[in-house]
Amino acid sequence: MKRRPPSLFHLATLLALAGLLMLAPSCEKLKELLPKQPPKQEAPPAPVENPLTAEEEQLQKGMEGDNVFSAKVDFGEVPKALPFELNRSSVVSILLYHDFVERIPRNEMMVSKGVFRAQMQALKDANIPVIPMSDLLAWKKGEKNIPEAAVVITLDDGWVGVHEIAYPILKEFGYPFTLYLYKKYVGGAGRSMTVAQIKEMLANGGELGSHSVSHQAMAQMRRSKSPEQYQAWLHEEIHESKRWLEETFQLPCRTFAYPYGDKNADIVKQVMEAGYDAAVTVNPQKLNWDTHSGELPRFTQLGDQDANFRVATNFYGGGKSISDSRFVKTDAVNEQGEKLVTLKPEPNTTITDRLPVIEANLSKLGPIIPESLVLKVGGFGTVLARYDPATQVVSFRMPQKIRLETCNVMLSFRRVGADKDELVSWQFKVDKKAAYLPQQAAEAAPAPSPAPPASPKA
């Protein structure tokens with residue numbers, strides 16, 4: 001029997017086996033060059049946990065389920081939002097100025113630079129706040145509180161002397177003001193302010209008010225016009241002035257000043273219906289929260305006479321005004337560098353006690369006439385203070401919690417032998433929120449000063 005020749009498949013298989021035999025020694029060498037694997041080690045035994053203590057077991061139970069999201073710590077009383085308390089007892093004087101000159105006024109509508117500066121300094125020395133008209137409007141609407149006694153400054157017509165003389169002084173003292181302008185005089189010839197000058201003032205403390213279109217006596221114009229003509233003219237004076245001012249200066253015009261103070265019930269009604277929040281007159285009176293917003297009174301400053309200014313700034317009672325008193329500054333010192341008056345609570349500080357003791361130590365001033373002492377506290381008016389002649393300390397413990405965040409205090413007195421009263425005034429702030437955190441308030445509040453023994457009333 002003949003053998004078959006080997007197939008191609010058999011030949012390929014034989015060649016592959018031969019190649020593997022030839023490579024075998026090389027593979028052994030490669031194995032020697034490769035890094036040797038470390039011998040396998042057995043896994044370490046699992047750690048044994050210590051048994052839980054009783055306290056840990058209780059904590060573990062508290063972490064199970066939804067309990068982890070439950071509060072376990074009592075953080076005490078959470079401060080509540082303080083309810084807003086509107087103080088309706090504030091009193092405001094609106095001062096009215098017209099034109100200004102460097103030296104001697106030529107008529108009653110002009111005030112000299114020196115007198116105006118002295119009046120602004122007197123307001124500062126007496127610590128009488130000057131507030132913007134917008135704050136007064138917000139208070140009248142029940143939206144915010146204002147100081148117990150305050151002044152608003154208004155400047156009528158738009159004379160250039162307002163920009164050249166009054167404006168730099170107002171900026172120096174940082175006092176806000178309202179400009180009452182009438183359309184036909186803005187940017188006109190003569191001594192009127194330009195639009196650019198008015199814009200500068202409005203950008204630096206000024207607010208915008210309307211003084212009509214033509215500055216004519218509004219009630220008297222009925223005599224020269226038919227009823228239809230008069231109503232059309234009146235509408236123009238009230239509405240057009242507001243529209244033009246707001247368009248020209250791109251600011252809201254919220255108040256109206258009756259030219260010459262000439263008005264009647266119908267004019268007042270139309271002004272308020274035109275969208276003004278308030279209107280001002282020339283009646284020399286102070287205003288309060290109940291005063292009709294369409295007839296807010298103002299004190300006109302007549303030349304360099306201080307009569308109206310004295311009445312307007314008489315917030316102290318007993319006929320006294322800031323022009324009748326000398327001022328003792330709260331930081332004034334004697335030749336030895338000692339404070340002339342020591343005050344508690346200290347001026348411009350913040351306290352947490354809403355029932356503080358108010359004190360003024362006058363011992364560095366020399367003998368005081370006890371009968372001359374008058375102490376006024378914001379929100380309480382003139383109070384029955386105690387005076388100790390031996391220590392010359394005037395004191396008053398608040399009988400009720402202070403309602404406002406800022407408390408103003410004014411003390412007037414006369415030294416023995418002096419011919420004029422003196423006045424010291426200061427203010428401090430009250431952290432009303434502390435009342436909702438009794439423990440923190442107690443820790444933060446300063447220890448009250450002991451009240452002096454009883455003595456004759458101030």
# chains A, B, ... in the order shown; residues from 1 in each chain; ligands from 1
$ residues_around --residues "Val383 of chain A" --least-positions-apart "4" --cutoff "8 Å" --atoms "only C-alpha atoms" --output "PyMOL selection string"
chain A and resi 374-377+396
$ write_last_selection --atoms "N, CA, C and O atoms" --output "PDB file, in the first residue's frame"
ATOM      1  N   VAL A 374     -34.385 122.930  82.532  1.00  0.00           N
ATOM      2  CA  VAL A 374     -35.496 122.346  81.770  1.00  0.00           C
ATOM      3  C   VAL A 374     -34.924 121.201  80.933  1.00  0.00           C
ATOM      4  O   VAL A 374     -34.024 121.413  80.111  1.00  0.00           O
ATOM      5  N   LEU A 375     -35.445 119.987  81.158  1.00  0.00           N
ATOM      6  CA  LEU A 375     -34.982 118.814  80.427  1.00  0.00           C
ATOM      7  C   LEU A 375     -36.107 118.313  79.527  1.00  0.00           C
ATOM      8  O   LEU A 375     -37.231 118.094  79.984  1.00  0.00           O
ATOM      9  N   LYS A 376     -35.808 118.145  78.234  1.00  0.00           N
ATOM     10  CA  LYS A 376     -36.776 117.604  77.281  1.00  0.00           C
ATOM     11  C   LYS A 376     -36.204 116.335  76.668  1.00  0.00           C
ATOM     12  O   LYS A 376     -35.032 116.298  76.274  1.00  0.00           O
ATOM     13  N   VAL A 377     -37.053 115.305  76.575  1.00  0.00           N
ATOM     14  CA  VAL A 377     -36.650 114.020  76.008  1.00  0.00           C
ATOM     15  C   VAL A 377     -37.583 113.696  74.844  1.00  0.00           C
ATOM     16  O   VAL A 377     -38.813 113.815  74.985  1.00  0.00           O
ATOM     17  N   PHE A 396     -32.835 111.708  85.023  1.00  0.00           N
ATOM     18  CA  PHE A 396     -34.216 111.319  84.765  1.00  0.00           C
ATOM     19  C   PHE A 396     -34.223 109.866  84.316  1.00  0.00           C
ATOM     20  O   PHE A 396     -33.522 109.489  83.376  1.00  0.00           O
TER      21      PHE A 396
END
$ residues_around --residues "Asn334 of chain A" --least-positions-apart "4" --cutoff "12 Å" --atoms "only C-alpha atoms" --output "PDB file with all heavy atoms, in the first residue's frame"
ATOM      1  N   VAL A 328     -23.622 124.940  74.531  1.00  0.00           N
ATOM      2  CA  VAL A 328     -22.470 124.244  75.094  1.00  0.00           C
ATOM      3  C   VAL A 328     -22.302 122.964  74.292  1.00  0.00           C
ATOM      4  O   VAL A 328     -23.175 122.091  74.302  1.00  0.00           O
ATOM      5  CB  VAL A 328     -22.680 123.909  76.588  1.00  0.00           C
ATOM      6  CG1 VAL A 328     -21.481 123.130  77.122  1.00  0.00           C
ATOM      7  CG2 VAL A 328     -22.895 125.183  77.381  1.00  0.00           C
ATOM      8  N   LYS A 329     -21.207 122.854  73.558  1.00  0.00           N
ATOM      9  CA  LYS A 329     -20.986 121.664  72.754  1.00  0.00           C
ATOM     10  C   LYS A 329     -20.693 120.465  73.646  1.00  0.00           C
ATOM     11  O   LYS A 329     -20.072 120.596  74.708  1.00  0.00           O
ATOM     12  CB  LYS A 329     -19.842 121.892  71.772  1.00  0.00           C
ATOM     13  CG  LYS A 329     -20.144 122.959  70.727  1.00  0.00           C
ATOM     14  CD  LYS A 329     -19.029 123.081  69.709  1.00  0.00           C
ATOM     15  CE  LYS A 329     -19.371 124.108  68.641  1.00  0.00           C
ATOM     16  NZ  LYS A 329     -18.287 124.232  67.626  1.00  0.00           N
ATOM     17  N   GLU A 338     -10.718 119.005  80.834  1.00  0.00           N
ATOM     18  CA  GLU A 338     -11.840 118.239  81.349  1.00  0.00           C
ATOM     19  C   GLU A 338     -13.126 118.646  80.622  1.00  0.00           C
ATOM     20  O   GLU A 338     -13.330 119.823  80.302  1.00  0.00           O
ATOM     21  CB  GLU A 338     -12.011 118.488  82.851  1.00  0.00           C
ATOM     22  CG  GLU A 338     -10.790 118.131  83.678  1.00  0.00           C
ATOM     23  CD  GLU A 338     -10.900 118.658  85.090  1.00  0.00           C
ATOM     24  OE1 GLU A 338     -11.382 119.795  85.272  1.00  0.00           O
ATOM     25  OE2 GLU A 338     -10.496 117.929  86.018  1.00  0.00           O
ATOM     26  N   LYS A 339     -13.984 117.670  80.376  1.00  0.00           N
ATOM     27  CA  LYS A 339     -15.250 117.966  79.713  1.00  0.00           C
ATOM     28  C   LYS A 339     -16.102 118.884  80.580  1.00  0.00           C
ATOM     29  O   LYS A 339     -16.251 118.659  81.781  1.00  0.00           O
ATOM     30  CB  LYS A 339     -16.020 116.680  79.419  1.00  0.00           C
ATOM     31  CG  LYS A 339     -15.564 115.967  78.160  1.00  0.00           C
ATOM     32  CD  LYS A 339     -16.556 114.877  77.780  1.00  0.00           C
ATOM     33  CE  LYS A 339     -16.162 114.251  76.442  1.00  0.00           C
ATOM     34  NZ  LYS A 339     -17.160 113.240  76.017  1.00  0.00           N
ATOM     35  N   LEU A 340     -16.676 119.909  79.954  1.00  0.00           N
ATOM     36  CA  LEU A 340     -17.523 120.822  80.707  1.00  0.00           C
ATOM     37  C   LEU A 340     -18.808 120.139  81.151  1.00  0.00           C
ATOM     38  O   LEU A 340     -19.324 120.421  82.233  1.00  0.00           O
ATOM     39  CB  LEU A 340     -17.861 122.047  79.845  1.00  0.00           C
ATOM     40  CG  LEU A 340     -16.702 123.013  79.545  1.00  0.00           C
ATOM     41  CD1 LEU A 340     -17.188 124.146  78.662  1.00  0.00           C
ATOM     42  CD2 LEU A 340     -16.119 123.564  80.842  1.00  0.00           C
ATOM     43  N   VAL A 341     -19.318 119.254  80.318  1.00  0.00           N
ATOM     44  CA  VAL A 341     -20.561 118.549  80.639  1.00  0.00           C
ATOM     45  C   VAL A 341     -20.350 117.067  80.350  1.00  0.00           C
ATOM     46  O   VAL A 341     -19.916 116.694  79.256  1.00  0.00           O
ATOM     47  CB  VAL A 341     -21.748 119.077  79.813  1.00  0.00           C
ATOM     48  CG1 VAL A 341     -23.027 118.333  80.188  1.00  0.00           C
ATOM     49  CG2 VAL A 341     -21.937 120.574  80.038  1.00  0.00           C
ATOM     50  N   SER A 363     -21.110 119.921  86.905  1.00  0.00           N
ATOM     51  CA  SER A 363     -20.253 120.408  87.990  1.00  0.00           C
ATOM     52  C   SER A 363     -19.077 121.244  87.502  1.00  0.00           C
ATOM     53  O   SER A 363     -18.542 122.066  88.249  1.00  0.00           O
ATOM     54  CB  SER A 363     -19.743 119.229  88.825  1.00  0.00           C
ATOM     55  OG  SER A 363     -18.992 118.328  88.021  1.00  0.00           O
ATOM     56  N   LYS A 364     -18.645 121.079  86.260  1.00  0.00           N
ATOM     57  CA  LYS A 364     -17.498 121.835  85.743  1.00  0.00           C
ATOM     58  C   LYS A 364     -17.892 123.225  85.246  1.00  0.00           C
ATOM     59  O   LYS A 364     -17.037 124.003  84.831  1.00  0.00           O
ATOM     60  CB  LYS A 364     -16.838 121.065  84.599  1.00  0.00           C
ATOM     61  CG  LYS A 364     -16.341 119.671  84.969  1.00  0.00           C
ATOM     62  CD  LYS A 364     -15.275 119.702  86.035  1.00  0.00           C
ATOM     63  CE  LYS A 364     -14.778 118.302  86.372  1.00  0.00           C
ATOM     64  NZ  LYS A 364     -13.782 118.308  87.464  1.00  0.00           N
ATOM     65  N   LEU A 365     -19.194 123.535  85.295  1.00  0.00           N
ATOM     66  CA  LEU A 365     -19.662 124.814  84.775  1.00  0.00           C
ATOM     67  C   LEU A 365     -19.796 125.878  85.855  1.00  0.00           C
ATOM     68  O   LEU A 365     -20.063 127.041  85.549  1.00  0.00           O
ATOM     69  CB  LEU A 365     -21.022 124.632  84.086  1.00  0.00           C
ATOM     70  CG  LEU A 365     -21.027 123.770  82.825  1.00  0.00           C
ATOM     71  CD1 LEU A 365     -22.450 123.545  82.339  1.00  0.00           C
ATOM     72  CD2 LEU A 365     -20.192 124.424  81.721  1.00  0.00           C
ATOM     73  N   GLY A 366     -19.638 125.494  87.104  1.00  0.00           N
ATOM     74  CA  GLY A 366     -19.862 126.443  88.183  1.00  0.00           C
ATOM     75  C   GLY A 366     -21.299 126.379  88.662  1.00  0.00           C
ATOM     76  O   GLY A 366     -22.096 125.561  88.186  1.00  0.00           O
TER      77      GLY A 366
END
$ atom_distance --atom1 "atom CA of Arg298 of chain A" --atom2 "atom CA of Thr154 of chain A"
8.8 Å
$ select_by_dssp --residues "segment 206-429 of chain A" --states "helix (DSSP H, G or I)" --output "ChimeraX atom specification"
/A:220-224,227-249,259-261,265-273,293-295,307-312,322-324,363-365,370-372
$ residues_around --residues "Asn204 of chain A" --least-positions-apart "2" --cutoff "12 Å" --atoms "only C-alpha atoms" --output "list in words"
His163, Tyr167, Pro168, Leu170, Lys171, Glu172, Gly174, Tyr175, Pro176, Phe177, Thr178, Leu179, Gln197, Ile198, Lys199, Glu200, Met201, Leu202, Gly206, Glu207 and Leu208 of chain A
$ closest_residue --among "A:Thr352, A:Thr313, A:Thr342, A:Ser134" --to "Thr255 of chain A" --atoms "only C-alpha atoms"
A:Ser134
$ atom_distance --atom1 "atom CA of Pro356 of chain A" --atom2 "atom CA of Met398 of chain A"
5.9 Å
$ select_by_dssp --residues "segment 90-254 of chain A" --states "strand (DSSP E)" --output "PyMOL selection string"
chain A and resi 91-97+99-101+110-112+149-157+177-181+206-210
$ closest_residue --among "A:Val333, A:Asp290, A:Ser395, A:Asp306" --to "Ala118 of chain A" --atoms "only C-alpha atoms"
A:Asp306
